[in-house]
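Q: Sharing model_9.pdb below, PDB, C-alpha atoms:
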```pdb
ATOM      1  CA  MET A   8      67.425  48.743  63.584
ATOM      2  CA  ALA A   9      71.152  49.296  63.106
ATOM      3  CA  SER A  10      70.863  50.502  59.492
ATOM      4  CA  SER A  11      68.065  52.995  60.234
ATOM      5  CA  THR A  12      69.820  54.375  63.320
ATOM      6  CA  ALA A  13      73.403  54.667  62.079
ATOM      7  CA  LEU A  14      73.637  58.323  63.139
ATOM      8  CA  ILE A  15      72.810  57.620  66.779
ATOM      9  CA  ASN A  16      75.615  55.058  66.985
ATOM     10  CA  THR A  17      78.035  57.481  65.309
ATOM     11  CA  ARG A  18      77.101  60.167  67.825
ATOM     12  CA  LEU A  19      77.601  57.826  70.785
ATOM     13  CA  THR A  20      80.907  56.626  69.321
ATOM     14  CA  HIS A  21      82.161  60.205  68.955
ATOM     15  CA  PHE A  22      80.994  61.058  72.472
ATOM     16  CA  VAL A  23      82.738  58.128  74.139
ATOM     17  CA  ASP A  24      85.906  59.028  72.238
ATOM     18  CA  TRP A  25      85.590  62.566  73.595
ATOM     19  CA  ILE A  26      85.156  61.598  77.276
ATOM     20  CA  LYS A  27      88.033  59.106  77.389
ATOM     21  CA  PRO A  28      91.758  59.950  77.678
ATOM     22  CA  THR A  29      93.720  60.041  74.442
ATOM     23  CA  ASP A  30      96.449  57.469  73.843
ATOM     24  CA  ALA A  31      99.090  60.191  74.152
ATOM     25  CA  ARG A  32      97.636  61.368  77.472
ATOM     26  CA  ILE A  33      97.535  57.794  78.790
ATOM     27  CA  GLN A  34     101.215  57.299  77.962
ATOM     28  CA  GLU A  35     102.118  60.628  79.557
ATOM     29  CA  ILE A  36     100.229  59.929  82.797
ATOM     30  CA  THR A  37     101.463  56.327  82.993
ATOM     31  CA  ALA A  38     105.078  57.536  82.880
ATOM     32  CA  HIS A  39     104.412  60.337  85.380
ATOM     33  CA  ALA A  40     102.572  58.024  87.781
ATOM     34  CA  GLN A  41     105.408  55.516  87.729
ATOM     35  CA  THR A  42     107.928  58.245  88.566
ATOM     36  CA  GLU A  43     105.800  59.353  91.500
ATOM     37  CA  ARG A  44     105.293  55.781  92.737
ATOM     38  CA  VAL A  45     109.063  55.377  92.986
ATOM     39  CA  ALA A  46     109.424  58.718  94.769
ATOM     40  CA  LEU A  47     106.618  57.966  97.242
ATOM     41  CA  GLN A  48     108.042  54.527  97.977
ATOM     42  CA  SER A  49     111.424  56.068  98.728
ATOM     43  CA  LEU A  50     109.916  58.734 101.011
ATOM     44  CA  ALA A  51     107.751  56.179 102.820
ATOM     45  CA  ASN A  52     110.733  53.891 103.393
ATOM     46  CA  ALA A  53     112.710  56.863 104.706
ATOM     47  CA  ALA A  54     109.842  57.542 107.147
ATOM     48  CA  GLY A  55     110.259  54.045 108.580
ATOM     49  CA  LEU A  56     107.590  52.256 106.556
ATOM     50  CA  LYS A  57     108.241  49.237 104.365
ATOM     51  CA  VAL A  58     106.529  49.531 100.979
ATOM     52  CA  THR A  59     106.498  46.117  99.327
ATOM     53  CA  SER A  60     104.655  46.912  96.082
ATOM     54  CA  THR A  61     102.855  49.662  94.184
ATOM     55  CA  PRO A  62     100.194  47.903  92.042
ATOM     56  CA  SER A  63      98.368  49.814  89.313
ATOM     57  CA  GLY A  64      94.635  50.016  89.956
ATOM     58  CA  GLY A  65      91.547  52.166  89.777
ATOM     59  CA  SER A  66      89.684  53.330  86.699
ATOM     60  CA  PHE A  67      92.875  54.471  84.953
ATOM     61  CA  ALA A  68      94.367  50.975  85.069
ATOM     62  CA  LYS A  69      91.005  49.428  84.123
ATOM     63  CA  ASN A  70      90.689  51.817  81.162
ATOM     64  CA  THR A  71      87.252  52.942  82.345
ATOM     65  CA  GLY A  72      88.205  56.427  83.570
ATOM     66  CA  LEU A  73      86.914  59.764  82.330
ATOM     67  CA  ARG A  74      89.222  62.542  81.248
ATOM     68  CA  ARG A  75      86.279  64.907  81.496
ATOM     69  CA  HIS A  76      83.580  65.163  84.128
ATOM     70  CA  VAL A  77      80.234  66.901  84.201
ATOM     71  CA  THR A  78      79.671  69.640  86.765
ATOM     72  CA  GLY A  79      76.691  71.961  86.783
ATOM     73  CA  GLY A  80      75.680  70.640  83.377
ATOM     74  CA  SER A  81      79.027  71.608  81.847
ATOM     75  CA  ASP A  82      82.075  69.525  81.057
ATOM     76  CA  VAL A  83      85.176  69.976  83.184
ATOM     77  CA  GLU A  84      88.566  68.646  82.130
ATOM     78  CA  GLY A  85      90.260  66.438  84.686
ATOM     79  CA  LEU A  86      91.530  62.917  85.297
ATOM     80  CA  ASP A  87      91.778  61.020  88.592
ATOM     81  CA  VAL A  88      94.470  58.361  88.982
ATOM     82  CA  ASP A  89      94.879  55.931  91.890
ATOM     83  CA  LEU A  90      98.338  55.255  93.310
ATOM     84  CA  HIS A  91      98.385  52.254  95.674
ATOM     85  CA  LEU A  92     101.230  51.629  98.100
ATOM     86  CA  VAL A  93     101.234  48.271  99.892
ATOM     87  CA  ILE A  94     102.932  48.304 103.284
ATOM     88  CA  ALA A  95     104.284  45.431 105.328
ATOM     89  CA  PRO A  96     103.403  46.519 108.898
ATOM     90  CA  LYS A  97     106.273  46.494 111.377
ATOM     91  CA  THR A  98     104.319  47.806 114.369
ATOM     92  CA  ARG A  99     100.680  48.076 115.462
ATOM     93  CA  SER A 100     100.710  51.773 114.536
ATOM     94  CA  ASP A 101     101.422  50.789 110.939
ATOM     95  CA  GLU A 102      98.031  49.045 110.957
ATOM     96  CA  ASP A 103      96.196  52.060 112.367
ATOM     97  CA  VAL A 104      94.733  54.310 109.674
ATOM     98  CA  SER A 105      94.553  57.194 112.166
ATOM     99  CA  ALA A 106      98.361  57.059 112.259
ATOM    100  CA  LEU A 107      99.048  55.877 108.715
ATOM    101  CA  LEU A 108      97.055  58.498 106.801
ATOM    102  CA  PRO A 109      98.640  61.484 108.597
ATOM    103  CA  THR A 110     102.068  59.974 107.888
ATOM    104  CA  PHE A 111     101.279  59.772 104.182
ATOM    105  CA  GLU A 112      99.700  63.212 104.223
ATOM    106  CA  GLY A 113     103.025  64.577 105.418
ATOM    107  CA  ILE A 114     104.939  62.555 102.817
ATOM    108  CA  VAL A 115     102.738  63.826  99.991
ATOM    109  CA  ALA A 116     102.873  67.429 101.201
ATOM    110  CA  LYS A 117     106.660  67.197 101.352
ATOM    111  CA  ARG A 118     106.849  65.813  97.815
ATOM    112  CA  TRP A 119     104.413  68.377  96.348
ATOM    113  CA  PRO A 120     104.379  71.445  98.645
ATOM    114  CA  GLU A 121     102.919  73.710  95.965
ATOM    115  CA  HIS A 122      99.830  71.592  95.263
ATOM    116  CA  THR A 123      96.604  70.818  97.153
ATOM    117  CA  VAL A 124      96.727  67.865  99.550
ATOM    118  CA  LYS A 125      93.564  66.573 101.247
ATOM    119  CA  ARG A 126      92.878  63.557 103.439
ATOM    120  CA  THR A 127      89.894  61.300 102.626
ATOM    121  CA  ARG A 128      88.612  58.310 104.600
ATOM    122  CA  SER A 129      91.052  55.895 102.891
ATOM    123  CA  SER A 130      93.520  57.966 100.893
ATOM    124  CA  ILE A 131      95.371  61.193 100.371
ATOM    125  CA  LYS A 132      93.963  63.282  97.523
ATOM    126  CA  LEU A 133      96.567  65.272  95.613
ATOM    127  CA  SER A 134      95.279  67.852  93.109
ATOM    128  CA  PHE A 135      97.823  69.401  90.784
ATOM    129  CA  LYS A 136      97.225  73.112  90.251
ATOM    130  CA  GLY A 137      96.595  73.898  86.598
ATOM    131  CA  ALA A 138      97.383  70.339  85.452
ATOM    132  CA  ARG A 139      93.822  68.900  85.258
ATOM    133  CA  LEU A 140      95.132  65.835  87.078
ATOM    134  CA  SER A 141      94.708  64.456  90.567
ATOM    135  CA  TYR A 142      96.067  61.420  92.381
ATOM    136  CA  ASP A 143      94.361  59.335  95.051
ATOM    137  CA  ILE A 144      97.288  57.955  97.030
ATOM    138  CA  VAL A 145      96.047  54.852  98.832
ATOM    139  CA  PRO A 146      98.177  53.181 101.531
ATOM    140  CA  MET A 147      97.214  49.535 102.079
ATOM    141  CA  LEU A 148      98.482  46.676 104.215
ATOM    142  CA  GLY A 149     100.007  43.597 102.633
ATOM    143  CA  THR A 150      99.019  40.030 103.461
ATOM    144  CA  ASP A 151     100.562  36.599 103.039
ATOM    145  CA  ASP A 152      99.015  36.521  99.555
ATOM    146  CA  PRO A 153     100.814  39.053  97.313
ATOM    147  CA  ASN A 154      97.575  39.546  95.349
ATOM    148  CA  VAL A 155      95.511  40.457  98.419
ATOM    149  CA  GLN A 156      95.633  43.706 100.378
ATOM    150  CA  ILE A 157      93.852  45.250 103.358
ATOM    151  CA  LEU A 158      92.248  48.645 102.799
ATOM    152  CA  LEU A 159      92.075  50.798 105.928
ATOM    153  CA  ARG A 160      89.275  53.297 106.523
ATOM    154  CA  SER A 161      89.204  56.256 108.884
ATOM    155  CA  ASP A 162      86.155  54.852 110.710
ATOM    156  CA  GLY A 163      88.274  51.903 111.823
ATOM    157  CA  GLN A 164      86.888  49.412 109.318
ATOM    158  CA  THR A 165      89.190  47.194 107.292
ATOM    159  CA  LEU A 166      88.385  45.626 103.944
ATOM    160  CA  LYS A 167      90.154  42.719 102.284
ATOM    161  CA  THR A 168      90.600  43.472  98.592
ATOM    162  CA  SER A 169      92.862  42.963  95.585
ATOM    163  CA  VAL A 170      93.979  45.759  93.296
ATOM    164  CA  ALA A 171      95.139  43.376  90.571
ATOM    165  CA  ARG A 172      91.981  41.253  90.614
ATOM    166  CA  HIS A 173      89.700  44.261  90.301
ATOM    167  CA  VAL A 174      91.646  45.253  87.175
ATOM    168  CA  GLU A 175      91.517  41.693  85.848
ATOM    169  CA  PHE A 176      87.738  41.572  86.441
ATOM    170  CA  ILE A 177      87.214  44.526  84.089
ATOM    171  CA  LYS A 178      89.862  43.678  81.508
ATOM    172  CA  THR A 179      88.605  40.106  81.103
ATOM    173  CA  ARG A 180      85.194  41.421  80.079
ATOM    174  CA  THR A 181      86.677  44.071  77.823
ATOM    175  CA  ASP A 182      88.707  41.370  76.064
ATOM    176  CA  ARG A 183      85.578  39.249  75.624
ATOM    177  CA  SER A 184      83.684  42.183  74.147
ATOM    178  CA  ASN A 185      86.539  42.783  71.693
ATOM    179  CA  ARG A 186      85.769  39.388  70.171
ATOM    180  CA  SER A 187      82.200  40.463  69.350
ATOM    181  CA  PRO A 188      81.293  42.117  65.993
ATOM    182  CA  GLY A 189      81.518  45.907  65.897
ATOM    183  CA  ARG A 190      83.642  48.306  67.943
ATOM    184  CA  VAL A 191      81.465  48.318  71.075
ATOM    185  CA  LYS A 192      83.643  47.474  74.085
ATOM    186  CA  PHE A 193      82.696  46.668  77.654
ATOM    187  CA  ASN A 194      84.960  49.331  79.149
ATOM    188  CA  GLU A 195      83.658  52.033  76.792
ATOM    189  CA  CYS A 196      80.064  51.288  77.804
ATOM    190  CA  VAL A 197      81.170  51.563  81.430
ATOM    191  CA  ARG A 198      82.611  54.999  80.587
ATOM    192  CA  LEU A 199      79.309  56.151  79.093
ATOM    193  CA  ILE A 200      77.360  54.929  82.117
ATOM    194  CA  LYS A 201      79.837  56.576  84.492
ATOM    195  CA  TRP A 202      79.302  59.865  82.676
ATOM    196  CA  TRP A 203      75.516  59.350  82.857
ATOM    197  CA  ARG A 204      75.871  58.642  86.602
ATOM    198  CA  GLU A 205      77.728  61.925  87.154
ATOM    199  CA  PHE A 206      75.094  63.936  85.293
ATOM    200  CA  LYS A 207      72.182  62.109  86.932
ATOM    201  CA  ALA A 208      73.606  62.488  90.435
ATOM    202  CA  GLN A 209      73.862  66.279  90.299
ATOM    203  CA  GLY A 210      71.702  67.742  93.028
ATOM    204  CA  SER A 211      70.944  64.295  94.482
ATOM    205  CA  THR A 212      72.063  62.865  97.810
ATOM    206  CA  LEU A 213      72.277  59.375  96.284
ATOM    207  CA  GLU A 214      75.892  58.319  95.830
ATOM    208  CA  VAL A 215      76.731  55.478  93.455
ATOM    209  CA  PRO A 216      80.411  54.456  93.831
ATOM    210  CA  SER A 217      82.307  53.544  90.689
ATOM    211  CA  LEU A 218      82.873  49.985  91.933
ATOM    212  CA  ALA A 219      79.123  49.465  92.402
ATOM    213  CA  LEU A 220      78.500  50.802  88.905
ATOM    214  CA  GLU A 221      81.182  48.528  87.433
ATOM    215  CA  LEU A 222      79.611  45.493  89.115
ATOM    216  CA  LEU A 223      76.180  46.374  87.735
ATOM    217  CA  CYS A 224      77.645  46.841  84.257
ATOM    218  CA  ALA A 225      79.461  43.511  84.540
ATOM    219  CA  ALA A 226      76.223  41.770  85.510
ATOM    220  CA  ALA A 227      74.494  43.343  82.489
ATOM    221  CA  PHE A 228      77.356  42.312  80.208
ATOM    222  CA  ASP A 229      77.419  38.754  81.531
ATOM    223  CA  SER A 230      73.699  38.481  80.805
ATOM    224  CA  LYS A 231      73.339  40.520  77.611
ATOM    225  CA  GLY A 232      76.830  40.857  76.117
ATOM    226  CA  VAL A 233      77.388  43.706  73.658
ATOM    227  CA  LYS A 234      75.608  44.361  70.385
ATOM    228  CA  GLU A 235      77.187  45.856  67.261
ATOM    229  CA  THR A 236      76.022  49.361  68.231
ATOM    230  CA  TYR A 237      76.251  51.406  71.416
ATOM    231  CA  HIS A 238      72.556  52.312  71.539
ATOM    232  CA  GLU A 239      71.407  48.680  71.272
ATOM    233  CA  THR A 240      73.897  47.673  73.956
ATOM    234  CA  LEU A 241      73.033  50.504  76.342
ATOM    235  CA  VAL A 242      69.271  50.038  76.143
ATOM    236  CA  ASP A 243      69.815  46.343  76.994
ATOM    237  CA  TRP A 244      72.071  47.219  79.915
ATOM    238  CA  PHE A 245      69.865  49.979  81.330
ATOM    239  CA  ASP A 246      66.841  47.672  81.149
ATOM    240  CA  HIS A 247      68.716  44.781  82.766
ATOM    241  CA  ILE A 248      70.099  46.886  85.610
ATOM    242  CA  ALA A 249      66.736  48.585  86.215
ATOM    243  CA  THR A 250      65.087  45.178  86.581
ATOM    244  CA  THR A 251      67.908  43.855  88.749
ATOM    245  CA  VAL A 252      67.728  46.778  91.179
ATOM    246  CA  SER A 253      63.937  47.105  91.237
ATOM    247  CA  ARG A 254      63.406  43.398  91.888
ATOM    248  CA  ARG A 255      66.384  43.233  94.267
ATOM    249  CA  GLU A 256      67.884  40.389  92.264
ATOM    250  CA  ARG A 257      71.149  39.250  93.787
ATOM    251  CA  VAL A 258      74.339  40.238  91.946
ATOM    252  CA  ALA A 259      77.281  37.917  92.564
ATOM    253  CA  PHE A 260      80.244  36.645  90.554
ATOM    254  CA  SER A 261      82.396  33.516  90.611
ATOM    255  CA  ASP A 262      85.487  34.918  88.851
ATOM    256  CA  PHE A 263      87.767  34.390  91.828
ATOM    257  CA  GLN A 264      85.812  32.447  94.444
ATOM    258  CA  ARG A 265      82.416  30.924  95.095
ATOM    259  CA  PRO A 266      79.960  33.505  96.503
ATOM    260  CA  PRO A 267      78.465  32.791  99.938
ATOM    261  CA  ALA A 268      74.884  31.616 100.363
ATOM    262  CA  PRO A 269      72.296  34.392  99.926
ATOM    263  CA  SER A 270      71.664  36.479 103.014
ATOM    264  CA  ARG A 271      68.177  36.511 104.492
ATOM    265  CA  ASP A 272      68.759  39.833 106.238
ATOM    266  CA  ALA A 273      70.139  41.992 103.413
ATOM    267  CA  LYS A 274      67.861  44.508 101.680
ATOM    268  CA  TRP A 275      69.700  43.623  98.492
ATOM    269  CA  GLU A 276      73.049  42.009  97.649
ATOM    270  CA  LEU A 277      75.524  43.559  95.237
ATOM    271  CA  LEU A 278      78.614  41.511  96.059
ATOM    272  CA  ASP A 279      82.154  42.545  95.258
ATOM    273  CA  ALA A 280      83.626  39.961  92.868
ATOM    274  CA  VAL A 281      86.991  40.139  94.647
ATOM    275  CA  ASN A 282      85.602  39.950  98.189
ATOM    276  CA  PRO A 283      82.013  38.589  98.237
ATOM    277  CA  GLN A 284      81.775  39.440 101.951
ATOM    278  CA  ASN A 285      81.688  43.080 100.852
ATOM    279  CA  ASN A 286      78.076  43.907  99.964
ATOM    280  CA  LEU A 287      78.115  47.278  98.251
ATOM    281  CA  ALA A 288      74.319  47.565  98.452
ATOM    282  CA  ALA A 289      74.454  47.675 102.248
ATOM    283  CA  ARG A 290      75.130  51.416 102.101
ATOM    284  CA  TRP A 291      71.719  52.208 100.573
ATOM    285  CA  SER A 292      68.350  52.546 102.287
ATOM    286  CA  TYR A 293      65.149  51.126 100.810
ATOM    287  CA  SER A 294      64.188  54.544  99.451
ATOM    288  CA  GLU A 295      67.633  54.980  97.898
ATOM    289  CA  LEU A 296      67.340  51.582  96.211
ATOM    290  CA  ASP A 297      63.965  52.624  94.810
ATOM    291  CA  LEU A 298      65.542  55.828  93.510
ATOM    292  CA  LEU A 299      68.470  53.958  91.976
ATOM    293  CA  GLY A 300      66.100  51.613  90.168
ATOM    294  CA  SER A 301      64.106  54.583  88.853
ATOM    295  CA  TRP A 302      67.304  56.179  87.520
ATOM    296  CA  PHE A 303      68.042  53.165  85.349
ATOM    297  CA  THR A 304      64.396  52.803  84.303
ATOM    298  CA  ASP A 305      64.391  56.423  83.160
ATOM    299  CA  ALA A 306      67.698  55.925  81.327
ATOM    300  CA  ALA A 307      66.296  52.943  79.420
ATOM    301  CA  ARG A 308      63.202  54.990  78.502
ATOM    302  CA  LEU A 309      65.293  57.863  77.116
ATOM    303  CA  MET A 310      67.524  55.514  75.127
ATOM    304  CA  ARG A 311      64.500  53.797  73.604
ATOM    305  CA  GLU A 312      63.039  57.200  72.782
ATOM    306  CA  ALA A 313      66.256  58.253  71.036
ATOM    307  CA  ILE A 314      66.305  55.006  69.026
ATOM    308  CA  ARG A 315      62.637  55.300  68.076
ATOM    309  CA  LYS A 316      62.930  58.916  66.911
ATOM    310  CA  GLU A 317      66.117  58.165  64.973
ATOM    311  CA  GLY A 318      64.325  55.282  63.278
ATOM    312  CA  PHE A 319      61.607  57.690  62.106
ATOM    313  CA  GLY A 320      64.216  60.114  60.770
ATOM    314  CA  ASP A 321      63.706  62.607  63.622
ATOM    315  CA  HIS A 322      67.409  63.291  64.162
ATOM    316  CA  GLY A 323      66.745  66.392  66.252
ATOM    317  CA  GLY A 324      64.350  64.544  68.539
ATOM    318  CA  SER A 325      66.832  61.717  68.951
ATOM    319  CA  LEU A 326      69.600  64.183  69.806
ATOM    320  CA  HIS A 327      67.344  65.892  72.363
ATOM    321  CA  ALA A 328      66.627  62.567  74.104
ATOM    322  CA  LEU A 329      70.335  61.710  74.231
ATOM    323  CA  ALA A 330      71.159  65.151  75.634
ATOM    324  CA  GLU A 331      68.507  64.592  78.299
ATOM    325  CA  LEU A 332      70.220  61.290  79.082
ATOM    326  CA  PHE A 333      73.871  62.408  79.053
ATOM    327  CA  GLY A 334      73.541  66.123  79.750
ATOM    328  CA  PRO A 335      74.048  69.317  77.693
ATOM    329  CA  PRO A 336      77.679  68.522  76.719
ATOM    330  CA  PHE A 337      76.397  65.684  74.531
ATOM    331  CA  LYS A 338      74.953  68.103  71.966
ATOM    332  CA  SER A 339      78.255  69.959  71.703
ATOM    333  CA  HIS A 340      80.515  66.956  71.332
ATOM    334  CA  CYS A 341      78.576  64.061  69.796
ATOM    335  CA  ASP A 342      79.526  65.136  66.282
ATOM    336  CA  ALA A 343      83.208  65.770  66.978
ATOM    337  CA  PRO A 344      85.481  63.625  64.792
TER
END
```
As structure tokens, how would this structure be written, given the file I've shared?
A:
Amino acid sequence: MASSTALINTRLTHFVDWIKPTDARIQEITAHAQTERVALQSLANAAGLKVTSTPSGGSFAKNTGLRRHVTGGSDVEGLDVDLHLVIAPKTRSDEDVSALLPTFEGIVAKRWPEHTVKRTRSSIKLSFKGARLSYDIVPMLGTDDPNVQILLRSDGQTLKTSVARHVEFIKTRTDRSNRSPGRVKFNECVRLIKWWREFKAQGSTLEVPSLALELLCAAAFDSKGVKETYHETLVDWFDHIATTVSRRERVAFSDFQRPPAPSRDAKWELLDAVNPQNNLAARWSYSELDLLGSWFTDAARLMREAIRKEGFGDHGGSLHALAELFGPPFKSHCDAP
């Protein structure tokens, strides 16, 4: 299969290189983010808060982020970076997100008065005008364990998590994939599926958070690994995830702790590897789970169609199937060096 479908793998390789940040851009943003972490920590301390650490996290730290996104079928340049600030609470108000987020909103607006500042349910979103870069500034509470934090949400919920362990979860699998033949990497496949998710979700009310997608990709990788080519790997992953979702097969990991016993009441369990008490599938209804399963089933069908047509020498037909899978930008950028 690999020899008769070399072009499809080349196209997918070029496309994943196009959607990811360049090495130069990564270095530039890493330096800029560190400068802003120091500045935010200083401003927060001046406001009476005690920032104990600023761990690197999110898709940028995991090396799974997109430097381009798909909107309305077209590609849009832009990179989102998470900035976490861990606070040691001195008073009860420090533990109240209704007080903490407005405090940080004021801090961010003071630091960047010329840019757009918006409050979300757990963070402050800072969008730099004309810079194709945005920061999600996430205040968190520290715990007795320096590797564990408490995420506060505007609805009053709290969530125990770990920024460092989420990064480790992804990087461990990327390192394992690097030891396999070929250049296919776990994190790069996650990038491709994140792009597919963005294109697929346009016009739909179904929301698939990046963490949920990463967990599904990790489950597929743990079961199927990576092949020497992207198309062989992706068709395996799409098939595995489609089956997992459609059959409501439990997804749990033992990287950091033993998962709890299966729940009899849950529609489906997609358990956070860092905090297995956090079931990411709880957000979806039965109909949404059916829709999610159909998305992955359709993705597997299109990938198989692209492989089959490429094998018969129908390069145009293969390209059409891939563009149907990844959106119109694929045709424009799959041949870019």
Q: Leaving out region 133-137 of chain A and any residue of its chain fewer than 6 positions from it, which residues lie within 6 Å of it when counting all atoms listed in the file, given as a PyMOL selection string?
A: chain A and resi 122-124
Q: Centre and edge lengths of an axis-aligned box around all listed atoms of region 263-279 of chain A, with 4 Å added on each side, are to be given in Å to one decimal, as JSON.
A:
```
{"center_x": 77.8, "center_y": 37.7, "center_z": 99.0, "size_x": 27.9, "size_y": 21.6, "size_z": 22.4}
```
Q: Would you kindly return, as a VMD selection string, each protein, DNA or RNA residue with an atom no farther than 8 Å from any atom of Leu92 (chain A), considering all atoms listed in the file and excluding same-chain residues fewer than 3 positions away?
A: chain A and resid 44 48 58 to 62 144 to 147
Q: Taking C-alpha atoms for each residue, export the selection above as a PDB file, in the frame of the given file.
A:
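Contents of the output file result-v3.pdb:
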```pdb
ATOM      1  CA  ARG A  44     105.293  55.781  92.737  1.00  0.00           C
ATOM      2  CA  GLN A  48     108.042  54.527  97.977  1.00  0.00           C
ATOM      3  CA  VAL A  58     106.529  49.531 100.979  1.00  0.00           C
ATOM      4  CA  THR A  59     106.498  46.117  99.327  1.00  0.00           C
ATOM      5  CA  SER A  60     104.655  46.912  96.082  1.00  0.00           C
ATOM      6  CA  THR A  61     102.855  49.662  94.184  1.00  0.00           C
ATOM      7  CA  PRO A  62     100.194  47.903  92.042  1.00  0.00           C
ATOM      8  CA  ILE A 144      97.288  57.955  97.030  1.00  0.00           C
ATOM      9  CA  VAL A 145      96.047  54.852  98.832  1.00  0.00           C
ATOM     10  CA  PRO A 146      98.177  53.181 101.531  1.00  0.00           C
ATOM     11  CA  MET A 147      97.214  49.535 102.079  1.00  0.00           C
TER      12      MET A 147
END
```
Q: Could you pull out every residue with an atom within 12 Å of (93.4, 44.7, 91.2), file coordinates, counting only C-alpha atoms, and send them as number ranges by chain?
A: A: 61-69, 89-91, 153-156, 167-178, 218, 263, 280-282
Q: Write out as a count of residues only which residues come within 10 Å of Tyr293 (chain A) when counting only C-alpha atoms, dropping same-chain ones fewer than 4 positions away.
A: 5
Q: Counting all atoms listed in the file, give me one row per residue of region 210-314 of chain A with an atom at most 8 Å from an atom of region 326-334 of chain A, showing the shortest contact pair and its distance in Å to one decimal, sorted by chain then residue number, as a tab-separated table.
A:
```
residue	atom	partner	partner_atom	distance
A:Ala306	CA	A:Leu332	CA	6.3
A:Leu309	CA	A:Ala328	CA	5.7
A:Met310	CA	A:Leu329	CA	6.9
A:Glu312	CA	A:Ala328	CA	6.6
A:Ala313	CA	A:Ala328	CA	5.3
```
Q: Separation of CA of Asp246 (chain A) and CA of Gln264 (chain A), in Å?
A: 27.7 Å
Q: Check what the PyMOL selection byres ((chain A and resi 193) around 8) selects in the file above and give those residues as a list in words.
A: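 Listing what the PyMOL selection byres ((chain A and resi 193) around 8) selects in the shown file: Arg180, Thr181, Ser184, Val191, Lys192, Asn194, Glu195, Cys196, Val197, Phe228 and Val233 of chain A.
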Q: Kindly indicate which residue among A:Gln41, A:Ser339, A:Leu223, A:Glu235 lies nearest to Gly189 (chain A), using all atoms listed in the file for the distances.
A: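 Closest residue, counting all atoms listed in the file: A:Glu235.
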Q: Have a look at CA of Asp143 (chain A) and CA of Asp87 (chain A) and let me know their distance in Å, one decimal.
A: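 The value is 7.2 Å.
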Q: Here is a test: counting only C-alpha atoms, which residue of A:Leu107, A:Val242, A:Leu199, A:Ile314 is nearest to Arg75 (chain A)?
A: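 Closest candidate: A:Leu199.
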Q: Go through region 215-299 of chain A residue by residue and, counting all atoms listed in the file, keep those with an atom at most 10 Å from region 202-205 of chain A; for each kept residue give the shortest atom pair and its distance in Å to one decimal, ordered by chain and increasing number, as a tab-separated table.
A:
```
residue	atom	partner	partner_atom	distance
A:Val215	CA	A:Arg204	CA	7.6
A:Pro216	CA	A:Arg204	CA	9.5
A:Ser217	CA	A:Arg204	CA	9.2
A:Leu220	CA	A:Arg204	CA	8.6
```
Q: Between CA of Lys231 (chain A) and CA of Ala13 (chain A), what is the distance, to one decimal in Å?
A: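 Atom-to-atom, CA of Lys231 (chain A) to CA of Ala13 (chain A), that is 21.0 Å.
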Q: For the provided coordinates, the residues matched by the PyMOL selection byres ((chain A and resi 50) around 12) should be stated as a ChimeraX atom specification.
A: /A:43-49,51-58,92,110-118
Q: Please, which residues in region 210-291 of chain A fall within 12 Å of region 20-36 of chain A when counting all atoms listed in the file, and what is the closest atom pair and distance in Å to one decimal for each, ordered by chain then residue number, as a tab-separated table?
A:
```
residue	atom	partner	partner_atom	distance
A:Glu235	CA	A:Thr20	CA	11.6
A:Thr236	CA	A:Thr20	CA	8.8
A:Tyr237	CA	A:Thr20	CA	7.3
A:His238	CA	A:Thr20	CA	9.7
```
Q: Could you tell me which residues the PyMOL selection byres ((chain A and resi 247-249) around 12) grabs in this file, written as an MDAnalysis selection string?
A: chainID A and resid 200 219:232 240:246 250:258 277 296:308
Q: Now that the selection is made, can you save its residues with C-alpha atoms as a CSV table (one decimal), in the frame of the given file?
A:
```csv
chain,number,residue,atom,x,y,z
A,200,ILE,CA,77.4,54.9,82.1
A,219,ALA,CA,79.1,49.5,92.4
A,220,LEU,CA,78.5,50.8,88.9
A,221,GLU,CA,81.2,48.5,87.4
A,222,LEU,CA,79.6,45.5,89.1
A,223,LEU,CA,76.2,46.4,87.7
A,224,CYS,CA,77.6,46.8,84.3
A,225,ALA,CA,79.5,43.5,84.5
A,226,ALA,CA,76.2,41.8,85.5
A,227,ALA,CA,74.5,43.3,82.5
A,228,PHE,CA,77.4,42.3,80.2
A,229,ASP,CA,77.4,38.8,81.5
A,230,SER,CA,73.7,38.5,80.8
A,231,LYS,CA,73.3,40.5,77.6
A,232,GLY,CA,76.8,40.9,76.1
A,240,THR,CA,73.9,47.7,74.0
A,241,LEU,CA,73.0,50.5,76.3
A,242,VAL,CA,69.3,50.0,76.1
A,243,ASP,CA,69.8,46.3,77.0
A,244,TRP,CA,72.1,47.2,79.9
A,245,PHE,CA,69.9,50.0,81.3
A,246,ASP,CA,66.8,47.7,81.1
A,250,THR,CA,65.1,45.2,86.6
A,251,THR,CA,67.9,43.9,88.7
A,252,VAL,CA,67.7,46.8,91.2
A,253,SER,CA,63.9,47.1,91.2
A,254,ARG,CA,63.4,43.4,91.9
A,255,ARG,CA,66.4,43.2,94.3
A,256,GLU,CA,67.9,40.4,92.3
A,257,ARG,CA,71.1,39.2,93.8
A,258,VAL,CA,74.3,40.2,91.9
A,277,LEU,CA,75.5,43.6,95.2
A,296,LEU,CA,67.3,51.6,96.2
A,297,ASP,CA,64.0,52.6,94.8
A,298,LEU,CA,65.5,55.8,93.5
A,299,LEU,CA,68.5,54.0,92.0
A,300,GLY,CA,66.1,51.6,90.2
A,301,SER,CA,64.1,54.6,88.9
A,302,TRP,CA,67.3,56.2,87.5
A,303,PHE,CA,68.0,53.2,85.3
A,304,THR,CA,64.4,52.8,84.3
A,305,ASP,CA,64.4,56.4,83.2
A,306,ALA,CA,67.7,55.9,81.3
A,307,ALA,CA,66.3,52.9,79.4
A,308,ARG,CA,63.2,55.0,78.5
```
